[in-house]
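Structure file query-v7.txt (compact mmCIF, C-alpha atoms) follows.
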# COMPACT_ATOMS: atom_id res chain seq x y z
CA ILE A 27 -6.43 25.64 -2.95
CA MET A 28 -5.65 21.94 -2.85
CA TYR A 29 -5.74 20.43 0.62
CA ILE A 30 -4.62 17.18 2.16
CA THR A 31 -5.94 16.00 5.50
CA THR A 32 -3.35 15.84 8.22
CA LYS A 33 -2.76 12.62 10.11
CA ASN A 34 -2.84 14.25 13.54
CA SER A 35 -5.15 17.21 13.16
CA PRO A 36 -6.51 18.20 16.60
CA SER A 37 -9.67 19.75 15.14
CA THR A 38 -12.59 17.97 13.51
CA ASN A 39 -13.42 20.90 11.29
CA SER A 40 -9.88 21.90 10.36
CA LYS A 41 -9.66 22.55 6.62
CA SER A 42 -6.46 20.50 6.64
CA THR A 43 -2.97 21.41 5.64
CA ASN A 44 -2.42 23.54 2.55
CA PHE A 45 0.57 22.02 0.80
CA ALA A 46 2.87 23.15 -2.01
CA SER A 47 1.09 25.48 -4.40
CA PHE A 48 0.63 24.49 -8.00
CA LEU A 49 1.94 27.96 -8.82
CA ALA A 50 5.41 27.15 -7.50
CA LYS A 51 8.31 27.32 -9.93
CA GLY A 52 9.96 24.19 -11.26
CA ASN A 53 6.87 22.00 -11.25
CA ASP A 54 5.92 22.20 -14.92
CA TYR A 55 4.60 18.89 -16.21
CA ASN A 56 6.10 17.80 -19.54
CA GLU A 57 6.06 14.01 -19.27
CA ARG A 58 4.34 11.48 -21.47
CA VAL A 59 2.83 8.88 -19.16
CA LEU A 60 0.85 5.95 -20.51
CA PRO A 61 -2.63 5.17 -19.16
CA ILE A 62 -2.70 2.17 -16.86
CA SER A 63 -4.74 0.23 -19.45
CA GLU A 64 -1.77 0.44 -21.85
CA ASN A 65 0.96 -0.30 -19.34
CA ASN A 66 -0.36 -3.07 -17.11
CA ALA A 67 2.19 -5.92 -17.24
CA SER A 68 0.67 -8.86 -15.37
CA ALA A 69 3.08 -10.50 -12.92
CA THR A 70 1.37 -13.83 -13.70
CA LYS A 71 1.42 -13.35 -17.46
CA PRO A 72 2.28 -17.00 -18.36
CA TYR A 73 -0.80 -18.25 -16.49
CA VAL A 74 -2.98 -15.51 -17.98
CA ASN A 75 -1.75 -16.26 -21.50
CA GLU A 76 -2.45 -19.96 -21.07
CA ILE A 77 -5.93 -19.63 -19.60
CA GLU A 78 -6.96 -17.14 -22.30
CA LYS A 79 -6.78 -20.00 -24.80
CA TYR A 80 -10.01 -21.34 -23.34
CA THR A 81 -13.25 -19.90 -24.66
CA ASN A 82 -15.49 -22.02 -22.45
CA VAL A 83 -15.80 -21.03 -18.78
CA ASP A 84 -15.93 -24.66 -17.59
CA ASP A 85 -12.68 -25.48 -19.37
CA ALA A 86 -11.08 -22.34 -17.96
CA LEU A 87 -12.19 -23.25 -14.44
CA ARG A 88 -10.71 -26.74 -14.77
CA TYR A 89 -7.39 -25.21 -15.85
CA TYR A 90 -7.55 -22.76 -12.95
CA GLU A 91 -8.24 -25.53 -10.42
CA GLU A 92 -5.24 -27.47 -11.67
CA LYS A 93 -2.82 -24.58 -11.76
CA ARG A 94 -3.74 -23.05 -8.42
CA LYS A 95 -2.34 -26.14 -6.69
CA GLU A 96 1.14 -25.28 -7.95
CA PRO A 97 3.48 -23.45 -5.51
CA ASN A 98 4.02 -20.55 -7.91
CA SER A 99 0.26 -19.91 -7.97
CA SER A 100 -0.05 -19.35 -4.23
CA THR A 101 0.22 -15.59 -4.51
CA LEU A 102 -2.17 -12.72 -4.03
CA THR A 103 -1.48 -11.44 -7.53
CA TYR A 104 -2.29 -14.81 -9.13
CA TYR A 105 -5.74 -14.91 -7.54
CA LEU A 106 -6.42 -11.28 -8.34
CA ASP A 107 -5.42 -11.75 -11.97
CA MET A 108 -7.59 -14.87 -12.20
CA SER A 109 -10.48 -12.99 -10.61
CA ASP A 110 -10.14 -10.24 -13.23
CA TYR A 111 -9.97 -12.85 -16.01
CA PHE A 112 -13.09 -14.74 -14.91
CA GLY A 113 -14.95 -11.46 -14.51
CA ARG A 114 -15.59 -11.58 -18.26
CA TRP A 115 -18.20 -14.26 -17.50
CA GLY A 116 -19.82 -12.28 -14.70
CA HIS A 117 -19.22 -11.15 -11.14
CA SER A 118 -20.19 -14.54 -9.69
CA TYR A 119 -17.16 -16.18 -11.31
CA SER A 120 -14.86 -13.38 -10.25
CA TYR A 121 -16.15 -13.63 -6.69
CA LYS A 122 -15.67 -17.42 -6.70
CA ILE A 123 -11.91 -16.88 -7.21
CA LEU A 124 -11.81 -14.33 -4.40
CA SER A 125 -13.66 -16.81 -2.19
CA ASP A 126 -10.90 -19.37 -2.78
CA LEU A 127 -8.34 -16.75 -1.76
CA TYR A 128 -10.43 -15.85 1.29
CA LYS A 129 -10.64 -19.45 2.52
CA GLN A 130 -6.86 -19.72 2.51
CA ASN A 131 -6.16 -16.35 4.14
CA ARG A 132 -8.85 -15.65 6.72
CA GLU A 133 -6.18 -14.74 9.26
CA ASN A 134 -4.20 -12.42 6.98
CA PRO A 135 -5.42 -8.79 7.37
CA ARG A 136 -3.50 -7.56 4.33
CA VAL A 137 -5.07 -10.15 2.04
CA LEU A 138 -8.53 -9.52 3.49
CA MET A 139 -8.17 -5.84 2.67
CA ALA A 140 -7.21 -6.71 -0.90
CA ILE A 141 -10.19 -9.06 -1.19
CA ALA A 142 -12.52 -6.29 0.01
CA PHE A 143 -11.14 -3.82 -2.55
CA LYS A 144 -12.13 -5.90 -5.56
CA PRO A 145 -15.88 -6.45 -4.95
CA GLU A 146 -16.25 -2.81 -4.00
CA GLU A 147 -14.71 -1.85 -7.33
CA ASP A 148 -17.38 -4.06 -8.95
CA GLU A 149 -20.11 -2.49 -6.74
CA LEU A 150 -20.62 -5.75 -4.81
CA LEU A 151 -20.94 -3.79 -1.59
CA LEU A 152 -22.52 -6.44 0.62
CA GLN A 153 -19.75 -8.89 -0.20
CA ALA A 154 -17.14 -6.23 0.57
CA SER A 155 -18.81 -5.44 3.91
CA TYR A 156 -18.73 -9.13 4.95
CA VAL A 157 -14.96 -9.23 4.42
CA LEU A 158 -14.45 -5.94 6.25
CA GLU A 159 -16.47 -7.17 9.22
CA GLU A 160 -14.18 -10.20 9.34
CA LEU A 161 -11.17 -7.89 9.19
CA LEU A 162 -12.53 -5.82 12.08
CA GLU A 163 -12.92 -8.94 14.21
CA LEU A 164 -9.35 -9.89 13.37
CA ARG A 165 -7.97 -6.40 14.08
CA PRO A 166 -10.20 -4.78 16.74
CA THR A 167 -7.69 -1.96 17.36
CA SER A 168 -7.39 -0.90 13.71
CA ILE A 169 -8.96 2.53 13.29
CA GLN A 170 -9.32 2.03 9.56
CA ALA A 171 -11.27 -1.19 10.01
CA TYR A 172 -13.95 0.66 12.01
CA ARG A 173 -14.08 3.45 9.44
CA ASP A 174 -14.33 0.98 6.55
CA VAL A 175 -17.18 -0.93 8.17
CA ALA A 176 -19.08 2.29 8.91
CA ARG A 177 -18.59 3.48 5.33
CA LEU A 178 -19.89 0.20 3.88
CA TYR A 179 -22.85 0.20 6.28
CA ALA A 180 -23.77 3.64 4.95
CA SER A 181 -23.34 2.45 1.36
CA THR A 182 -25.63 -0.57 1.89
CA GLY A 183 -28.50 1.27 3.55
CA ARG A 184 -27.69 0.61 7.21
CA TYR A 185 -27.66 4.30 7.91
CA ASN A 186 -28.47 4.31 11.62
CA VAL A 187 -25.84 1.68 12.44
CA ALA A 188 -23.30 3.63 10.38
CA ALA A 189 -24.20 6.88 12.14
CA THR A 190 -23.81 5.25 15.56
CA LEU A 191 -20.37 3.92 14.63
CA TYR A 192 -19.25 7.26 13.17
CA LYS A 193 -20.41 9.02 16.34
CA GLN A 194 -18.38 6.60 18.49
CA MET A 195 -15.32 7.25 16.34
CA MET A 196 -15.80 11.02 16.47
CA ASN A 197 -16.07 10.93 20.26
CA ASN A 198 -13.36 8.29 20.80
CA THR A 199 -15.74 6.13 22.84
CA ILE A 200 -14.65 2.75 21.46
CA PRO A 201 -12.45 1.16 24.17
CA ASN A 202 -8.68 1.11 23.56
CA VAL A 203 -8.96 2.83 20.15
CA LYS A 204 -8.25 6.49 19.34
CA PHE A 205 -9.28 7.93 15.97
CA ASN A 206 -7.42 11.26 16.07
CA SER A 207 -5.15 10.27 13.17
CA ILE A 208 -8.06 10.04 10.71
CA ARG A 209 -10.48 12.39 12.44
CA PRO A 210 -10.90 14.78 9.44
CA ILE A 211 -11.78 11.82 7.20
CA ILE A 212 -14.34 10.55 9.69
CA PHE A 213 -15.73 14.07 10.06
CA ASN A 214 -16.25 14.43 6.30
CA GLU A 215 -17.92 11.03 5.95
CA TYR A 216 -20.12 11.52 9.01
CA ARG A 217 -21.31 14.88 7.68
CA HIS A 218 -21.89 13.32 4.28
CA LEU A 219 -24.07 10.64 5.90
CA ILE A 220 -26.06 13.18 7.90
CA THR A 221 -26.52 15.53 4.94
CA ASN A 222 -27.88 12.83 2.65
CA TYR A 223 -29.68 10.42 5.01
CA LYS A 224 -30.71 12.45 8.04
CA ARG A 225 -34.28 11.19 7.84
CA TYR A 226 -33.10 7.63 8.43
CA ILE A 227 -30.96 8.23 11.51
CA ASN A 228 -31.40 9.42 15.09
CA TYR A 229 -29.82 12.87 14.97
CA ASN A 230 -31.10 14.34 18.27
CA THR A 231 -27.67 14.19 19.91
CA ILE A 232 -25.61 15.19 16.86
CA PRO A 233 -23.63 18.46 17.34
CA ASN A 234 -24.83 21.45 15.35
CA GLU A 235 -21.57 21.69 13.39
CA LEU A 236 -22.43 18.35 11.80
CA LEU A 237 -26.00 19.41 10.95
CA ALA A 238 -25.03 22.44 8.83
CA LEU A 239 -26.61 22.32 5.39
CA ASP A 240 -23.71 23.79 3.44
CA PHE A 241 -21.55 20.66 3.34
CA LYS A 242 -19.87 19.88 0.03
CA LYS A 243 -16.45 19.26 -1.48
CA ASP A 244 -15.78 19.95 -5.15
CA VAL A 245 -13.48 16.95 -5.58
CA ARG A 246 -12.59 14.44 -2.89
CA ILE A 247 -10.03 11.70 -3.51
CA VAL A 248 -9.36 8.90 -1.05
CA LEU A 249 -6.41 6.55 -1.42
CA GLU A 250 -6.39 3.30 0.52
CA TYR A 251 -3.52 0.85 0.38
CA THR A 252 -3.21 -2.67 1.74
CA SER A 253 -0.11 -1.95 3.80
CA PRO A 254 1.40 1.12 5.48
CA LEU A 255 4.78 -0.25 4.33
CA ALA A 256 3.82 0.25 0.68
CA GLU A 257 6.07 2.67 -1.18
CA PHE A 258 4.63 4.71 -4.04
CA GLU A 259 4.11 8.22 -5.33
CA VAL A 260 0.90 9.92 -6.45
CA GLN A 261 1.14 12.87 -8.81
CA PHE A 262 -1.65 15.40 -9.37
CA VAL A 263 -1.42 17.30 -12.67
CA SER A 264 -3.56 20.39 -13.14
CA PRO A 265 -5.08 21.59 -16.46
CA SER A 266 -2.35 24.26 -16.63
CA LYS A 267 0.27 21.48 -16.56
CA LYS A 268 1.48 22.10 -13.03
CA TYR A 269 2.01 19.12 -10.77
CA TYR A 270 2.22 18.15 -7.11
CA THR A 271 3.61 14.79 -5.98
CA TRP A 272 2.67 13.13 -2.70
CA LYS A 273 5.28 10.56 -1.66
CA HIS A 274 4.57 7.57 0.55
CA THR A 275 8.11 6.27 1.01
CA HIS A 276 10.28 5.27 3.95
CA PHE A 277 12.68 8.11 3.12
CA LYS A 278 10.15 10.94 2.65
CA SER A 279 7.29 9.77 4.89
CA LYS A 280 8.94 8.09 7.88
CA ASN A 281 6.71 9.76 10.49
CA VAL A 282 3.55 9.15 8.43
CA ILE A 283 4.32 5.45 8.05
CA GLU A 284 5.14 5.06 11.74
CA ASN A 285 1.83 6.68 12.64
CA GLU A 286 -0.05 4.41 10.23
CA ILE A 287 1.57 1.27 11.67
CA GLU A 288 0.99 2.33 15.26
CA ASN A 289 -2.69 3.20 14.78
CA GLY A 290 -3.74 0.64 12.19
CA PHE A 291 -4.59 2.55 9.04
CA ALA A 292 -3.31 3.06 5.51
CA LEU A 293 -5.29 5.78 3.75
CA LYS A 294 -5.05 9.39 2.66
CA GLU A 295 -7.63 12.00 1.70
CA PHE A 296 -7.20 14.85 -0.78
CA ILE A 297 -9.62 17.73 -1.31
CA ILE A 298 -9.48 19.86 -4.47
CA GLU A 299 -11.28 23.20 -4.31
CA ASP A 300 -10.92 26.55 -6.12
CA LEU A 301 -8.26 25.34 -8.52
CA ASP A 302 -7.84 25.18 -12.30
CA LYS A 303 -10.91 24.19 -14.26
CA GLY A 304 -10.36 21.59 -16.92
CA LYS A 305 -8.80 18.14 -17.25
CA TRP A 306 -6.83 16.75 -14.32
CA LEU A 307 -4.51 13.73 -14.34
CA ILE A 308 -3.73 11.35 -11.49
CA ASN A 309 -0.47 9.46 -11.95
CA VAL A 310 0.85 6.64 -9.76
CA LYS A 311 4.43 5.43 -9.58
CA PRO A 312 5.48 2.27 -7.67
CA ILE A 313 8.59 2.47 -5.50
CA GLY A 314 10.36 -0.70 -4.43
CA LYS A 315 8.99 -4.19 -4.96
CA SER A 316 6.28 -6.28 -3.30
CA THR A 317 5.50 -9.85 -4.32
CA GLY A 318 3.66 -12.97 -3.19
CA MET A 319 1.02 -12.42 -0.52
CA THR A 320 2.68 -9.08 0.29
CA ALA A 321 1.78 -7.49 -3.06
CA THR A 322 0.34 -4.02 -2.48
CA LEU A 323 -3.00 -2.86 -3.82
CA ILE A 324 -4.15 0.75 -3.95
CA LYS A 325 -7.84 1.61 -4.04
CA TYR A 326 -8.48 5.02 -5.56
CA THR A 327 -11.89 6.59 -4.97
CA LEU A 328 -12.83 9.81 -6.74
CA TYR A 329 -15.87 11.78 -5.56
CA GLN A 330 -17.03 14.71 -7.64
CA ASN A 331 -19.53 17.15 -6.10
CA TYR A 332 -19.11 15.28 -2.82
CA GLY A 333 -22.13 15.79 -0.59
CA LEU A 334 -24.46 17.07 -3.32
CA LYS A 335 -27.35 15.35 -5.07
CA ASN A 336 -25.34 15.13 -8.29
CA GLU A 337 -22.38 13.44 -6.59
CA GLN A 338 -20.46 10.98 -8.75
CA LYS A 339 -18.11 8.26 -7.50
CA THR A 340 -15.42 6.30 -9.34
CA ILE A 341 -13.42 3.43 -7.83
CA LYS A 342 -10.27 1.95 -9.35
CA VAL A 343 -7.97 -0.69 -7.88
CA ILE A 344 -4.33 -0.99 -8.92
CA ASN A 345 -1.91 -3.80 -8.05
CA LEU A 346 1.54 -2.28 -7.75
CA GLU A 347 3.17 -5.63 -8.52
CA ASN A 348 1.80 -5.33 -12.06
CA GLN A 349 3.32 -1.87 -12.55
CA LYS A 350 6.92 -1.25 -13.53
CA GLU A 351 6.80 2.52 -14.00
CA LYS A 352 4.60 5.58 -13.60
CA VAL A 353 1.10 5.28 -15.10
CA THR A 354 -1.92 7.53 -15.40
CA LEU A 355 -4.49 5.98 -13.11
CA ASP A 356 -7.31 8.42 -13.88
CA SER A 357 -8.31 11.71 -15.45
CA PHE A 358 -11.34 13.84 -14.71
CA ILE A 359 -12.87 17.19 -15.59
CA TYR A 360 -13.10 19.71 -12.76

I need this file expressed as structure tokens, please.
Amino acid sequence: IMYITTKNSPSTNSKSTNFASFLAKGNDYNERVLPISENNASATKPYVNEIEKYTNVDDALRYYEEKRKEPNSSTLTYYLDMSDYFGRWGHSYSYKILSDLYKQNRENPRVLMAIAFKPEEDELLLQASYVLEELLELRPTSIQAYRDVARLYASTGRYNVAATLYKQMMNNTIPNVKFNSIRPIIFNEYRHLITNYKRYINYNTIPNELLALDFKKDVRIVLEYTSPLAEFEVQFVSPSKKYYTWKHTHFKSKNVIENEIENGFALKEFIIEDLDKGKWLINVKPIGKSTGMTATLIKYTLYQNYGLKNEQKTIKVINLENQKEKVTLDSFIY
């Protein structure tokens, strides 16, 4: 069955809501959707085309410094595209562009989230954690900010601090913040931390249900997006060419979006277990339009064999402003 975690599940160990079966009629997949690498139309294409004429990084940086002063360059997408471009010379150059964006937008939570997405995609986890700590200070009632900081602490070896924070979230002991809306996500990540790093943390007061040794998920997918107002669709296509589409739109997901805005989060978890074996596709389709500093990014994280020693993780970040139609974001073998 394929599961999706509910936003208001009252139980920490609920298996989540079983949604529309892939065996339903009328959901046969017969589209031809291009991979994102073949259908990624940059919203700042003129600038990208011009800077690509330079083969020397110093010349390219001089061009960048000149152009970023122009009003049309003061957009999130411009800096992200420039960061991707300079990444060909190494992460330090890519991060320098993000640092320029950070200095101008330290009070903008949406931009800070976007900035954190990119270094995490490049496995610069310490840099991502610094930005997320800043975001938490800026939005101390955002439940996602606490979860993101705990997750990055675990990823950078601060296991005991992460465990303490996860425990506070599980027990709702952080003042003025309630984590019920993302409780199943926190539960899965807390158990993952305990299963893999128990020897590094103080587990004397951890409930027995979290200490069970049988924790695993075949495939876990987490979507994070820079704004709960973002409108898009995610389509899961099974090896037998059946599909399920999850819609995050004002028309289809009004209650979900209201809950996200009220509680300060923008993420969704999907668990795939006991389904078709073979090649799966993940398609993403933008709905509506976001530009400037309001451009929406989606961070897609795929975990295979989640919780086991052979776990594999893939992170991809997509800027919806650069997408005009449905694209295949990822494919994997299950």

Which residue gives the smallest distance to Tyr216 (chain A) among A:Ala321, A:Met196, A:Ile344, A:Ala256, with all atoms listed in the file counted? A:Met196

Suppose you want the space between CA of Thr327 (chain A) and CA of Leu307 (chain A); what is it in Å?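 That distance, rounded to one decimal, is 13.9 Å.
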
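Going from CA of Arg114 (chain A) to CA of Asn98 (chain A) covers 23.9 Å.
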
Measuring between all atoms listed in the file, which one of A:Ser155, A:Asp148, A:Trp115, A:His274 shows the shortest distance to Asp84 (chain A)? A:Trp115

Would you list the contacts of Ser279 (chain A) as a list in words, taking every protein, DNA or RNA residue within 12 Å and counting all atoms listed in the file, but skipping same-chain residues closer than 3 positions in sequence?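 That gives Lys33, Pro254, Leu255, Ala256, Glu257, Phe258, Glu259, Trp272, Lys273, His274, Thr275, His276, Val282, Ile283, Glu284, Asn285 and Glu286 of chain A.
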
Residues of the last selection are to be written out with C-alpha atoms, as a tab-separated table (two decimals), in the frame of the given file.
chain	number	residue	atom	x	y	z
A	33	LYS	CA	-2.76	12.62	10.11
A	254	PRO	CA	1.40	1.12	5.48
A	255	LEU	CA	4.78	-0.25	4.33
A	256	ALA	CA	3.82	0.25	0.68
A	257	GLU	CA	6.07	2.67	-1.18
A	258	PHE	CA	4.63	4.71	-4.04
A	259	GLU	CA	4.11	8.22	-5.33
A	272	TRP	CA	2.67	13.13	-2.70
A	273	LYS	CA	5.28	10.56	-1.66
A	274	HIS	CA	4.57	7.57	0.55
A	275	THR	CA	8.11	6.27	1.01
A	276	HIS	CA	10.28	5.27	3.95
A	282	VAL	CA	3.55	9.15	8.43
A	283	ILE	CA	4.32	5.45	8.05
A	284	GLU	CA	5.14	5.06	11.74
A	285	ASN	CA	1.83	6.68	12.64
A	286	GLU	CA	-0.05	4.41	10.23

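In this structure, CA of Tyr119 (chain A) sits 26.7 Å away from CA of Ala171 (chain A).
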
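Of the listed residues A:Leu334, A:Leu346, A:Ile77, A:Ala238, the one whose atoms come nearest to Ser253 (chain A) is A:Leu346, with distances taken using only C-alpha atoms.
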
Since the input is missing atoms for region 215-245 of chain A, could you rebuild it with N, CA and C atoms and give the result as a PDB file, in the coordinates of the input?
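Heads up, here's the output in rebuild_5.pdb:
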ATOM      1  N   GLU A 215     -16.992  12.119   6.289  1.00  0.00           N
ATOM      2  CA  GLU A 215     -17.920  11.030   5.950  1.00  0.00           C
ATOM      3  C   GLU A 215     -19.155  11.042   6.849  1.00  0.00           C
ATOM      4  N   TYR A 216     -18.980  11.417   8.101  1.00  0.00           N
ATOM      5  CA  TYR A 216     -20.120  11.520   9.010  1.00  0.00           C
ATOM      6  C   TYR A 216     -21.052  12.639   8.550  1.00  0.00           C
ATOM      7  N   ARG A 217     -20.483  13.784   8.181  1.00  0.00           N
ATOM      8  CA  ARG A 217     -21.310  14.880   7.680  1.00  0.00           C
ATOM      9  C   ARG A 217     -22.003  14.504   6.379  1.00  0.00           C
ATOM     10  N   HIS A 218     -21.307  13.780   5.534  1.00  0.00           N
ATOM     11  CA  HIS A 218     -21.890  13.320   4.280  1.00  0.00           C
ATOM     12  C   HIS A 218     -23.101  12.434   4.563  1.00  0.00           C
ATOM     13  N   LEU A 219     -22.965  11.531   5.517  1.00  0.00           N
ATOM     14  CA  LEU A 219     -24.070  10.640   5.900  1.00  0.00           C
ATOM     15  C   LEU A 219     -25.253  11.431   6.429  1.00  0.00           C
ATOM     16  N   ILE A 220     -24.979  12.383   7.313  1.00  0.00           N
ATOM     17  CA  ILE A 220     -26.060  13.180   7.900  1.00  0.00           C
ATOM     18  C   ILE A 220     -26.751  14.035   6.846  1.00  0.00           C
ATOM     19  N   THR A 221     -25.964  14.650   5.977  1.00  0.00           N
ATOM     20  CA  THR A 221     -26.520  15.530   4.940  1.00  0.00           C
ATOM     21  C   THR A 221     -27.470  14.785   4.015  1.00  0.00           C
ATOM     22  N   ASN A 222     -27.116  13.563   3.652  1.00  0.00           N
ATOM     23  CA  ASN A 222     -27.880  12.830   2.650  1.00  0.00           C
ATOM     24  C   ASN A 222     -28.935  11.888   3.227  1.00  0.00           C
ATOM     25  N   TYR A 223     -28.777  11.455   4.486  1.00  0.00           N
ATOM     26  CA  TYR A 223     -29.680  10.420   5.010  1.00  0.00           C
ATOM     27  C   TYR A 223     -30.190  10.750   6.409  1.00  0.00           C
ATOM     28  N   LYS A 224     -30.312  12.038   6.702  1.00  0.00           N
ATOM     29  CA  LYS A 224     -30.710  12.450   8.040  1.00  0.00           C
ATOM     30  C   LYS A 224     -32.056  11.859   8.456  1.00  0.00           C
ATOM     31  N   ARG A 225     -32.944  11.688   7.492  1.00  0.00           N
ATOM     32  CA  ARG A 225     -34.280  11.190   7.840  1.00  0.00           C
ATOM     33  C   ARG A 225     -34.265   9.736   8.301  1.00  0.00           C
ATOM     34  N   TYR A 226     -33.172   9.035   8.057  1.00  0.00           N
ATOM     35  CA  TYR A 226     -33.100   7.630   8.430  1.00  0.00           C
ATOM     36  C   TYR A 226     -32.374   7.395   9.758  1.00  0.00           C
ATOM     37  N   ILE A 227     -31.785   8.439  10.334  1.00  0.00           N
ATOM     38  CA  ILE A 227     -30.960   8.230  11.510  1.00  0.00           C
ATOM     39  C   ILE A 227     -31.461   9.069  12.678  1.00  0.00           C
ATOM     40  N   ASN A 228     -31.061   8.679  13.883  1.00  0.00           N
ATOM     41  CA  ASN A 228     -31.400   9.420  15.090  1.00  0.00           C
ATOM     42  C   ASN A 228     -30.365  10.532  15.258  1.00  0.00           C
ATOM     43  N   TYR A 229     -30.770  11.763  14.979  1.00  0.00           N
ATOM     44  CA  TYR A 229     -29.820  12.870  14.970  1.00  0.00           C
ATOM     45  C   TYR A 229     -30.019  13.839  16.136  1.00  0.00           C
ATOM     46  N   ASN A 230     -30.795  13.434  17.158  1.00  0.00           N
ATOM     47  CA  ASN A 230     -31.100  14.340  18.270  1.00  0.00           C
ATOM     48  C   ASN A 230     -29.857  14.747  19.056  1.00  0.00           C
ATOM     49  N   THR A 231     -28.858  13.883  19.108  1.00  0.00           N
ATOM     50  CA  THR A 231     -27.670  14.190  19.910  1.00  0.00           C
ATOM     51  C   THR A 231     -26.471  14.579  19.040  1.00  0.00           C
ATOM     52  N   ILE A 232     -26.705  14.830  17.765  1.00  0.00           N
ATOM     53  CA  ILE A 232     -25.610  15.190  16.860  1.00  0.00           C
ATOM     54  C   ILE A 232     -25.278  16.670  17.040  1.00  0.00           C
ATOM     55  N   PRO A 233     -24.006  17.033  17.189  1.00  0.00           N
ATOM     56  CA  PRO A 233     -23.630  18.460  17.340  1.00  0.00           C
ATOM     57  C   PRO A 233     -24.066  19.289  16.149  1.00  0.00           C
ATOM     58  N   ASN A 234     -24.343  20.558  16.406  1.00  0.00           N
ATOM     59  CA  ASN A 234     -24.830  21.450  15.350  1.00  0.00           C
ATOM     60  C   ASN A 234     -23.855  21.583  14.191  1.00  0.00           C
ATOM     61  N   GLU A 235     -22.547  21.525  14.468  1.00  0.00           N
ATOM     62  CA  GLU A 235     -21.570  21.690  13.390  1.00  0.00           C
ATOM     63  C   GLU A 235     -21.689  20.585  12.347  1.00  0.00           C
ATOM     64  N   LEU A 236     -22.251  19.443  12.736  1.00  0.00           N
ATOM     65  CA  LEU A 236     -22.430  18.350  11.800  1.00  0.00           C
ATOM     66  C   LEU A 236     -23.765  18.439  11.058  1.00  0.00           C
ATOM     67  N   LEU A 237     -24.668  19.290  11.547  1.00  0.00           N
ATOM     68  CA  LEU A 237     -26.000  19.410  10.950  1.00  0.00           C
ATOM     69  C   LEU A 237     -26.082  20.556   9.943  1.00  0.00           C
ATOM     70  N   ALA A 238     -25.011  21.306   9.778  1.00  0.00           N
ATOM     71  CA  ALA A 238     -25.030  22.440   8.830  1.00  0.00           C
ATOM     72  C   ALA A 238     -25.363  21.943   7.435  1.00  0.00           C
ATOM     73  N   LEU A 239     -26.104  22.738   6.693  1.00  0.00           N
ATOM     74  CA  LEU A 239     -26.610  22.320   5.390  1.00  0.00           C
ATOM     75  C   LEU A 239     -25.689  22.689   4.227  1.00  0.00           C
ATOM     76  N   ASP A 240     -24.564  23.313   4.513  1.00  0.00           N
ATOM     77  CA  ASP A 240     -23.710  23.790   3.440  1.00  0.00           C
ATOM     78  C   ASP A 240     -22.536  22.857   3.151  1.00  0.00           C
ATOM     79  N   PHE A 241     -22.675  21.581   3.503  1.00  0.00           N
ATOM     80  CA  PHE A 241     -21.550  20.660   3.340  1.00  0.00           C
ATOM     81  C   PHE A 241     -21.401  20.220   1.885  1.00  0.00           C
ATOM     82  N   LYS A 242     -20.218  20.412   1.342  1.00  0.00           N
ATOM     83  CA  LYS A 242     -19.870  19.880   0.030  1.00  0.00           C
ATOM     84  C   LYS A 242     -18.373  19.994  -0.169  1.00  0.00           C
ATOM     85  N   LYS A 243     -17.840  19.175  -1.032  1.00  0.00           N
ATOM     86  CA  LYS A 243     -16.450  19.260  -1.480  1.00  0.00           C
ATOM     87  C   LYS A 243     -16.475  19.123  -2.991  1.00  0.00           C
ATOM     88  N   ASP A 244     -15.773  20.015  -3.689  1.00  0.00           N
ATOM     89  CA  ASP A 244     -15.780  19.950  -5.150  1.00  0.00           C
ATOM     90  C   ASP A 244     -15.281  18.589  -5.638  1.00  0.00           C
ATOM     91  N   VAL A 245     -14.065  18.244  -5.222  1.00  0.00           N
ATOM     92  CA  VAL A 245     -13.480  16.950  -5.580  1.00  0.00           C
ATOM     93  C   VAL A 245     -12.833  16.369  -4.325  1.00  0.00           C
TER      94      VAL A 245
END
